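Q: model.cif is reproduced in full below (mmCIF, C-alpha atoms).
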```cif
data_upload
loop_
_atom_site.label_atom_id
_atom_site.label_comp_id
_atom_site.auth_asym_id
_atom_site.auth_seq_id
_atom_site.Cartn_x
_atom_site.Cartn_y
_atom_site.Cartn_z
CA ASN A 1 57.41 -81.19 7.43
CA ALA A 2 54.52 -83.56 6.64
CA GLY A 3 52.21 -82.32 9.42
CA VAL A 4 49.64 -84.95 10.36
CA THR A 5 49.47 -88.13 8.30
CA GLN A 6 46.99 -91.01 8.50
CA THR A 7 47.28 -94.60 7.34
CA PRO A 8 45.40 -96.11 5.53
CA LYS A 9 43.31 -93.71 3.43
CA PHE A 10 40.58 -96.24 2.72
CA ARG A 11 39.59 -99.57 4.22
CA VAL A 12 36.72 -102.00 3.93
CA LEU A 13 36.10 -104.44 6.78
CA LYS A 14 33.62 -107.20 7.41
CA THR A 15 31.61 -107.16 10.60
CA GLY A 16 33.66 -108.60 13.44
CA GLN A 17 37.08 -107.93 11.92
CA SER A 18 39.65 -105.81 13.69
CA MET A 19 41.99 -103.11 12.47
CA THR A 20 44.24 -100.29 13.60
CA LEU A 21 44.38 -96.79 12.19
CA LEU A 22 47.70 -95.01 12.49
CA CYS A 23 48.15 -91.28 12.99
CA ALA A 24 51.57 -89.66 12.95
CA GLN A 25 52.62 -86.05 13.48
CA ASP A 26 56.05 -84.48 13.11
CA MET A 27 55.35 -81.20 14.91
CA ASN A 28 56.21 -82.42 18.40
CA HIS A 29 52.70 -81.65 19.67
CA GLU A 30 51.63 -83.03 23.04
CA TYR A 31 47.88 -83.20 22.39
CA MET A 32 46.39 -85.57 19.85
CA TYR A 33 42.78 -86.50 19.01
CA TRP A 34 40.67 -88.96 17.09
CA TYR A 35 37.33 -87.80 15.64
CA ARG A 36 34.73 -89.46 13.49
CA GLN A 37 32.72 -87.56 10.89
CA ASP A 38 29.25 -88.70 9.88
CA PRO A 39 26.77 -86.98 7.56
CA GLY A 40 24.69 -84.40 9.44
CA MET A 41 26.61 -85.03 12.68
CA GLY A 42 29.70 -82.89 12.36
CA LEU A 43 32.82 -84.27 14.02
CA ARG A 44 32.61 -86.15 17.29
CA LEU A 45 35.54 -86.82 19.59
CA ILE A 46 36.34 -90.50 20.15
CA HIS A 47 39.49 -90.44 22.30
CA TYR A 48 42.30 -88.05 22.98
CA SER A 49 45.76 -87.91 24.50
CA VAL A 50 47.54 -85.12 26.33
CA GLY A 51 50.96 -86.73 26.10
CA GLU A 52 52.96 -89.88 25.56
CA GLY A 53 51.53 -92.77 27.56
CA THR A 54 48.21 -91.02 28.31
CA THR A 55 44.76 -91.49 26.79
CA ALA A 56 41.25 -90.37 27.70
CA LYS A 57 37.70 -90.97 26.47
CA GLY A 58 35.84 -88.45 24.38
CA GLU A 59 32.18 -88.19 23.47
CA VAL A 60 31.81 -91.50 21.58
CA PRO A 61 34.49 -93.96 22.85
CA ASP A 62 32.53 -97.23 22.80
CA GLY A 63 33.94 -99.87 20.46
CA TYR A 64 37.32 -98.14 20.10
CA ASN A 65 40.65 -98.32 21.89
CA VAL A 66 43.70 -96.11 21.56
CA SER A 67 47.36 -96.09 22.43
CA ARG A 68 50.04 -93.40 22.56
CA LEU A 69 53.29 -95.29 23.07
CA LYS A 70 55.33 -92.66 21.24
CA LYS A 71 54.70 -88.94 21.28
CA GLN A 72 54.44 -88.72 17.51
CA ASN A 73 52.00 -91.60 17.03
CA PHE A 74 48.38 -92.08 18.11
CA LEU A 75 46.74 -95.39 17.20
CA LEU A 76 43.00 -96.06 17.00
CA GLY A 77 41.88 -99.67 17.20
CA LEU A 78 38.61 -101.38 16.40
CA GLU A 79 38.53 -104.79 18.06
CA SER A 80 35.30 -106.06 16.47
CA ALA A 81 34.04 -103.78 13.73
CA ALA A 82 30.31 -103.04 13.39
CA PRO A 83 28.42 -101.38 10.52
CA SER A 84 27.73 -98.42 12.85
CA GLN A 85 31.46 -97.70 12.72
CA THR A 86 31.31 -96.90 9.01
CA SER A 87 32.59 -93.34 8.98
CA VAL A 88 35.42 -91.03 8.06
CA TYR A 89 38.02 -90.87 10.81
CA PHE A 90 40.18 -87.81 11.38
CA CYS A 91 43.22 -87.47 13.56
CA ALA A 92 44.41 -84.10 14.81
CA SER A 93 47.19 -82.66 16.92
CA GLU A 94 47.06 -79.36 18.76
CA LEU A 95 49.34 -76.51 19.70
CA GLY A 96 48.13 -73.29 21.25
CA TYR A 97 44.43 -74.06 20.77
CA GLU A 98 44.92 -74.63 17.03
CA GLN A 99 44.22 -78.14 15.80
CA TYR A 100 45.96 -79.59 12.75
CA PHE A 101 44.04 -82.32 10.97
CA GLY A 102 45.14 -85.28 8.91
CA PRO A 103 43.50 -86.08 5.55
CA GLY A 104 41.19 -88.73 7.00
CA THR A 105 40.55 -92.47 6.69
CA ARG A 106 37.33 -93.63 5.06
CA LEU A 107 36.23 -96.88 6.71
CA THR A 108 33.36 -99.02 5.50
CA VAL A 109 32.13 -101.96 7.57
CA THR A 110 29.91 -104.41 5.71
CA GLY B 1 28.60 -80.04 28.04
CA ASP B 2 29.43 -77.56 25.32
CA SER B 3 27.31 -77.38 22.17
CA VAL B 4 27.39 -75.50 18.89
CA THR B 5 24.47 -74.76 16.60
CA GLN B 6 24.95 -73.60 13.03
CA MET B 7 22.82 -73.41 9.92
CA GLU B 8 23.26 -76.64 7.99
CA GLY B 9 22.49 -75.62 4.45
CA PRO B 10 23.34 -76.22 1.78
CA VAL B 11 23.75 -72.51 1.27
CA THR B 12 23.89 -71.58 -2.40
CA LEU B 13 25.09 -68.14 -3.47
CA SER B 14 26.22 -66.44 -6.63
CA GLU B 15 29.81 -65.28 -6.99
CA GLU B 16 30.46 -61.87 -5.36
CA ALA B 17 27.46 -62.22 -3.04
CA PHE B 18 27.67 -61.41 0.68
CA LEU B 19 27.95 -64.43 2.97
CA THR B 20 26.73 -64.94 6.51
CA ILE B 21 26.78 -68.31 8.27
CA ASN B 22 25.24 -68.16 11.71
CA CYS B 23 26.77 -69.91 14.72
CA THR B 24 25.68 -69.88 18.35
CA TYR B 25 27.21 -71.79 21.23
CA THR B 26 26.62 -72.88 24.79
CA ALA B 27 29.62 -73.36 27.03
CA THR B 28 30.75 -72.70 30.55
CA GLY B 29 33.27 -70.00 31.24
CA TYR B 30 34.98 -68.14 28.42
CA PRO B 31 35.67 -70.60 25.62
CA SER B 32 37.72 -69.98 22.51
CA LEU B 33 35.75 -70.00 19.26
CA PHE B 34 36.82 -71.26 15.86
CA TRP B 35 35.78 -71.60 12.25
CA TYR B 36 37.25 -74.53 10.33
CA VAL B 37 36.88 -75.16 6.60
CA GLN B 38 36.86 -78.54 4.83
CA TYR B 39 37.43 -78.73 1.09
CA PRO B 40 36.25 -81.85 -0.75
CA GLY B 41 38.29 -84.93 0.11
CA GLU B 42 40.47 -83.13 2.64
CA GLY B 43 40.80 -82.72 6.38
CA LEU B 44 39.73 -79.61 8.26
CA GLN B 45 41.82 -76.46 8.24
CA LEU B 46 41.61 -73.63 10.74
CA LEU B 47 40.09 -70.59 9.05
CA LEU B 48 40.00 -68.15 11.96
CA LYS B 49 39.65 -68.00 15.72
CA ALA B 50 38.85 -65.67 18.61
CA THR B 51 39.87 -66.27 22.18
CA LYS B 52 37.95 -63.63 24.14
CA ALA B 53 34.82 -61.52 23.99
CA ASP B 54 34.71 -58.82 21.29
CA ASP B 55 37.75 -60.29 19.51
CA LYS B 56 37.45 -60.40 15.74
CA GLY B 57 39.09 -63.25 13.88
CA SER B 58 39.87 -62.74 10.21
CA ASN B 59 41.54 -64.61 7.37
CA LYS B 60 41.24 -64.76 3.56
CA GLY B 61 38.48 -62.11 3.60
CA PHE B 62 36.40 -64.00 6.17
CA GLU B 63 35.58 -62.43 9.53
CA ALA B 64 33.80 -63.43 12.73
CA THR B 65 33.34 -61.53 15.99
CA TYR B 66 33.07 -63.18 19.41
CA ARG B 67 29.79 -61.88 20.85
CA LYS B 68 29.44 -63.07 24.43
CA GLU B 69 26.15 -61.25 25.04
CA THR B 70 24.47 -63.21 22.23
CA THR B 71 26.75 -66.29 22.48
CA SER B 72 27.39 -66.03 18.76
CA PHE B 73 30.30 -66.22 16.32
CA HIS B 74 28.80 -65.61 12.88
CA LEU B 75 31.04 -66.01 9.83
CA GLU B 76 30.91 -63.29 7.16
CA LYS B 77 32.56 -62.51 3.85
CA GLY B 78 31.83 -59.51 1.69
CA SER B 79 32.29 -61.09 -1.75
CA VAL B 80 32.47 -64.85 -2.14
CA GLN B 81 34.29 -66.71 -4.90
CA VAL B 82 33.72 -70.11 -6.46
CA SER B 83 36.86 -71.29 -4.65
CA ASP B 84 35.11 -70.66 -1.30
CA SER B 85 32.81 -73.63 -1.95
CA ALA B 86 33.41 -75.99 0.99
CA VAL B 87 31.94 -77.14 4.29
CA TYR B 88 32.38 -74.71 7.18
CA PHE B 89 32.40 -75.82 10.81
CA CYS B 90 31.98 -73.62 13.86
CA ALA B 91 33.64 -74.99 16.99
CA THR B 92 34.27 -74.17 20.61
CA GLY B 93 36.70 -75.45 23.22
CA GLY B 94 40.29 -76.35 22.57
CA GLY B 95 42.99 -77.51 24.88
CA ALA B 96 43.09 -80.95 26.44
CA ASP B 97 39.39 -81.76 26.03
CA GLY B 98 39.33 -81.16 22.28
CA LEU B 99 36.81 -79.25 20.25
CA THR B 100 33.03 -79.37 20.08
CA PHE B 101 31.88 -78.89 16.50
CA GLY B 102 28.66 -77.80 14.90
CA LYS B 103 27.21 -80.06 12.21
CA GLY B 104 28.78 -78.06 9.39
CA THR B 105 27.39 -75.78 6.68
CA HIS B 106 27.82 -76.78 3.05
CA LEU B 107 28.46 -73.65 0.98
CA ILE B 108 28.05 -73.73 -2.78
CA ILE B 109 29.12 -70.73 -4.85
CA GLN B 110 27.85 -70.58 -8.41
CA PRO B 111 29.70 -68.60 -11.11
#
```
Go ahead and render the structure in this file as structure tokens.

A:
Amino acid sequence: NAGVTQTPKFRVLKTGQSMTLLCAQDMNHEYMYWYRQDPGMGLRLIHYSVGEGTTAKGEVPDGYNVSRLKKQNFLLGLESAAPSQTSVYFCASELGYEQYFGPGTRLTVT
Amino acid sequence: GDSVTQMEGPVTLSEEAFLTINCTYTATGYPSLFWYVQYPGEGLQLLLKATKADDKGSNKGFEATYRKETTSFHLEKGSVQVSDSAVYFCATGGGADGLTFGKGTHLIIQP
């Protein structure tokens, strides 16, 4: 039982490049989330999903897109990366009001 | 929307000292309240939670009581250890809309 895994762990992008972050969970949870963590800001919700085929915007959705084609996977895409998107990205799944977090992806946009 | 305010620190204590990290919240209705802990280089882990007024969450010697009258959920531990050094996040919400986090409190325990 791996829990929540994230790929990749680290990535450096140039401004304007695109990429996709993959989150996978093996706990059969319906709810999944993407957060970003910035110094002095805590975690802020980007997008979330309440089930396969559904997505919704969180607090800071601009510049990101998501897809939930399979229940176990939740993808976060950056179409045209900007330096303001330099951050640590965390994925989480939830069951019974308890969220389970992945180890994070550290993204740097230069 | 919901919001959470917590002391940001860093908070530096000696081993075996008493710990309090304050947390207050604003939210509609009767939200659930949580404390998460993040160790260096890792994701967040649930430390404890409380789902209704006057509930006390506890885990690993940490405690927090849901105080609706003061909209607070302060984290306490009677005797901290070096291994408790981490960043602690207070949060409210849960369910489909996700969690609203405070900015985190960096705790440093010195031997």

Q: Find the residues near region 91-95 of chain A: any atom within 9 Å, counting all atoms listed in the file, skip ones fewer than 2 places away on the same chain, and give them as an MDAnalysis selection string.

A: (chainID A and resid 4:6 22:25 27 29:36 74 89 97:105) or (chainID B and resid 43 94:96 98)

Q: Please measure the separation of CA of Asp38 (chain A) and CA of Arg11 (chain A), giving the value in Å to one decimal.

A: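 Computed distance, CA of Asp38 (chain A) to CA of Arg11 (chain A), equals 16.0 Å.
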
Q: Expressed in Å to a single decimal, how great is the separation between CA of Lys71 (chain A) and CA of Asp26 (chain A)?

A: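 Computing it gives 9.4 Å between the two atoms.
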
Q: Tell me which protein, DNA and RNA residues are within 10 Å of region 44-56 of chain B, counting all atoms listed in the file, leaving out same-chain ones fewer than 2 positions away, and put them as a ChimeraX atom specification.

A: /A:90,92,97-104 /B:30-42,58-60,62-69,71,73,75,87-93

Q: At a cut-off of 12 Å around the point (33.0, -108.1, 10.6) (file coordinates), what residues fall inside when counting only C-alpha atoms? I'd like the answer as a ChimeraX atom specification.

A: /A:12-19,78-86,108-110

Q: Since I can't run it myself right now, could you work out what the PyMOL selection byres ((chain B and resi 27) around 6) selects here and report it as a PyMOL selection string?

A: chain B and resi 2+26+28

Q: If you count all atoms listed in the file, which residues fall within 10 Å of Leu69 (chain A), apart from same-chain ones fewer than 6 positions away, as a VMD selection string?

A: chain A and resid 51 to 54 75

Q: One decimal, in Å: what's the spacing between CA of Phe18 (chain B) and CA of Pro111 (chain B)?

A: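 Here the two named atoms are 14.0 Å from each other.
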
Q: So which residues are close to (43.0, -96.5, 18.1), meaning at most 7 Å away in the file's coordinates with only C-alpha atoms counted, and can you show them as a list in words?

A: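 Counting only C-alpha atoms, I find these residues within 7 Å of (43.0, -96.5, 18.1): Thr20, Leu21, Tyr64, Asn65, Val66, Ser67, Phe74, Leu75, Leu76, Gly77 and Leu78 of chain A.
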
Q: Take region 10-21 of chain A, model all heavy atoms, and hand the result over as a PDB file, keeping the file's coordinate frame.

A:
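Wrote rebuild.pdb, looks like this:
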```
ATOM      1  N   PHE A  10      41.849 -95.546   2.897  1.00  0.00           N
ATOM      2  CA  PHE A  10      40.580 -96.240   2.720  1.00  0.00           C
ATOM      3  C   PHE A  10      40.696 -97.658   3.265  1.00  0.00           C
ATOM      4  O   PHE A  10      41.774 -98.252   3.222  1.00  0.00           O
ATOM      5  CB  PHE A  10      40.196 -96.350   1.228  1.00  0.00           C
ATOM      6  CG  PHE A  10      40.090 -95.049   0.512  1.00  0.00           C
ATOM      7  CD1 PHE A  10      41.171 -94.556  -0.195  1.00  0.00           C
ATOM      8  CD2 PHE A  10      38.913 -94.325   0.530  1.00  0.00           C
ATOM      9  CE1 PHE A  10      41.088 -93.348  -0.876  1.00  0.00           C
ATOM     10  CE2 PHE A  10      38.818 -93.121  -0.147  1.00  0.00           C
ATOM     11  CZ  PHE A  10      39.905 -92.633  -0.838  1.00  0.00           C
ATOM     12  N   ARG A  11      39.567 -98.170   3.773  1.00  0.00           N
ATOM     13  CA  ARG A  11      39.590 -99.570   4.220  1.00  0.00           C
ATOM     14  C   ARG A  11      38.156-100.087   4.237  1.00  0.00           C
ATOM     15  O   ARG A  11      37.225 -99.362   4.617  1.00  0.00           O
ATOM     16  CB  ARG A  11      40.191 -99.665   5.614  1.00  0.00           C
ATOM     17  CG  ARG A  11      40.366-101.078   6.137  1.00  0.00           C
ATOM     18  CD  ARG A  11      41.494-101.821   5.450  1.00  0.00           C
ATOM     19  NE  ARG A  11      41.555-103.206   5.866  1.00  0.00           N
ATOM     20  CZ  ARG A  11      42.290-103.660   6.878  1.00  0.00           C
ATOM     21  NH1 ARG A  11      43.020-102.814   7.579  1.00  0.00           N
ATOM     22  NH2 ARG A  11      42.278-104.939   7.170  1.00  0.00           N
ATOM     23  N   VAL A  12      38.004-101.325   3.828  1.00  0.00           N
ATOM     24  CA  VAL A  12      36.720-102.000   3.930  1.00  0.00           C
ATOM     25  C   VAL A  12      36.899-103.213   4.838  1.00  0.00           C
ATOM     26  O   VAL A  12      37.806-104.021   4.631  1.00  0.00           O
ATOM     27  CB  VAL A  12      36.195-102.458   2.542  1.00  0.00           C
ATOM     28  CG1 VAL A  12      34.871-103.191   2.699  1.00  0.00           C
ATOM     29  CG2 VAL A  12      36.030-101.260   1.612  1.00  0.00           C
ATOM     30  N   LEU A  13      36.053-103.323   5.839  1.00  0.00           N
ATOM     31  CA  LEU A  13      36.100-104.440   6.780  1.00  0.00           C
ATOM     32  C   LEU A  13      34.790-105.185   6.778  1.00  0.00           C
ATOM     33  O   LEU A  13      33.732-104.607   6.484  1.00  0.00           O
ATOM     34  CB  LEU A  13      36.330-103.925   8.217  1.00  0.00           C
ATOM     35  CG  LEU A  13      37.671-103.360   8.623  1.00  0.00           C
ATOM     36  CD1 LEU A  13      37.618-102.909  10.076  1.00  0.00           C
ATOM     37  CD2 LEU A  13      38.771-104.393   8.427  1.00  0.00           C
ATOM     38  N   LYS A  14      34.853-106.451   7.147  1.00  0.00           N
ATOM     39  CA  LYS A  14      33.620-107.200   7.410  1.00  0.00           C
ATOM     40  C   LYS A  14      33.310-107.089   8.889  1.00  0.00           C
ATOM     41  O   LYS A  14      34.214-106.932   9.733  1.00  0.00           O
ATOM     42  CB  LYS A  14      33.804-108.664   7.003  1.00  0.00           C
ATOM     43  CG  LYS A  14      34.009-108.882   5.512  1.00  0.00           C
ATOM     44  CD  LYS A  14      34.013-110.373   5.203  1.00  0.00           C
ATOM     45  CE  LYS A  14      34.435-110.670   3.780  1.00  0.00           C
ATOM     46  NZ  LYS A  14      33.636-110.004   2.776  1.00  0.00           N
ATOM     47  N   THR A  15      32.036-107.201   9.204  1.00  0.00           N
ATOM     48  CA  THR A  15      31.610-107.160  10.600  1.00  0.00           C
ATOM     49  C   THR A  15      32.391-108.186  11.421  1.00  0.00           C
ATOM     50  O   THR A  15      32.521-109.342  11.020  1.00  0.00           O
ATOM     51  CB  THR A  15      30.107-107.440  10.702  1.00  0.00           C
ATOM     52  OG1 THR A  15      29.397-106.403   9.997  1.00  0.00           O
ATOM     53  CG2 THR A  15      29.648-107.458  12.144  1.00  0.00           C
ATOM     54  N   GLY A  16      32.905-107.719  12.560  1.00  0.00           N
ATOM     55  CA  GLY A  16      33.660-108.600  13.440  1.00  0.00           C
ATOM     56  C   GLY A  16      35.160-108.561  13.258  1.00  0.00           C
ATOM     57  O   GLY A  16      35.915-108.998  14.137  1.00  0.00           O
ATOM     58  N   GLN A  17      35.636-108.029  12.133  1.00  0.00           N
ATOM     59  CA  GLN A  17      37.080-107.930  11.920  1.00  0.00           C
ATOM     60  C   GLN A  17      37.660-106.802  12.759  1.00  0.00           C
ATOM     61  O   GLN A  17      36.948-105.915  13.228  1.00  0.00           O
ATOM     62  CB  GLN A  17      37.383-107.679  10.436  1.00  0.00           C
ATOM     63  CG  GLN A  17      37.150-108.899   9.560  1.00  0.00           C
ATOM     64  CD  GLN A  17      37.564-108.658   8.118  1.00  0.00           C
ATOM     65  OE1 GLN A  17      37.351-107.581   7.559  1.00  0.00           O
ATOM     66  NE2 GLN A  17      38.156-109.676   7.501  1.00  0.00           N
ATOM     67  N   SER A  18      38.970-106.852  12.930  1.00  0.00           N
ATOM     68  CA  SER A  18      39.650-105.810  13.690  1.00  0.00           C
ATOM     69  C   SER A  18      40.627-105.065  12.793  1.00  0.00           C
ATOM     70  O   SER A  18      41.032-105.579  11.739  1.00  0.00           O
ATOM     71  CB  SER A  18      40.400-106.423  14.872  1.00  0.00           C
ATOM     72  OG  SER A  18      41.415-107.287  14.404  1.00  0.00           O
ATOM     73  N   MET A  19      40.971-103.858  13.202  1.00  0.00           N
ATOM     74  CA  MET A  19      41.990-103.110  12.470  1.00  0.00           C
ATOM     75  C   MET A  19      42.511-101.975  13.342  1.00  0.00           C
ATOM     76  O   MET A  19      41.899-101.622  14.365  1.00  0.00           O
ATOM     77  CB  MET A  19      41.439-102.533  11.162  1.00  0.00           C
ATOM     78  CG  MET A  19      40.578-101.306  11.293  1.00  0.00           C
ATOM     79  SD  MET A  19      40.391-100.441   9.724  1.00  0.00           S
ATOM     80  CE  MET A  19      42.061 -99.864   9.443  1.00  0.00           C
ATOM     81  N   THR A  20      43.636-101.424  12.922  1.00  0.00           N
ATOM     82  CA  THR A  20      44.240-100.290  13.600  1.00  0.00           C
ATOM     83  C   THR A  20      44.503 -99.186  12.606  1.00  0.00           C
ATOM     84  O   THR A  20      45.045 -99.426  11.523  1.00  0.00           O
ATOM     85  CB  THR A  20      45.573-100.694  14.264  1.00  0.00           C
ATOM     86  OG1 THR A  20      45.335-101.724  15.219  1.00  0.00           O
ATOM     87  CG2 THR A  20      46.200 -99.498  14.965  1.00  0.00           C
ATOM     88  N   LEU A  21      44.087 -97.978  12.977  1.00  0.00           N
ATOM     89  CA  LEU A  21      44.380 -96.790  12.190  1.00  0.00           C
ATOM     90  C   LEU A  21      45.560 -96.073  12.839  1.00  0.00           C
ATOM     91  O   LEU A  21      45.596 -95.893  14.053  1.00  0.00           O
ATOM     92  CB  LEU A  21      43.191 -95.839  12.158  1.00  0.00           C
ATOM     93  CG  LEU A  21      42.023 -96.152  11.212  1.00  0.00           C
ATOM     94  CD1 LEU A  21      41.320 -97.433  11.629  1.00  0.00           C
ATOM     95  CD2 LEU A  21      41.044 -94.998  11.189  1.00  0.00           C
TER      96      LEU A  21
END
```
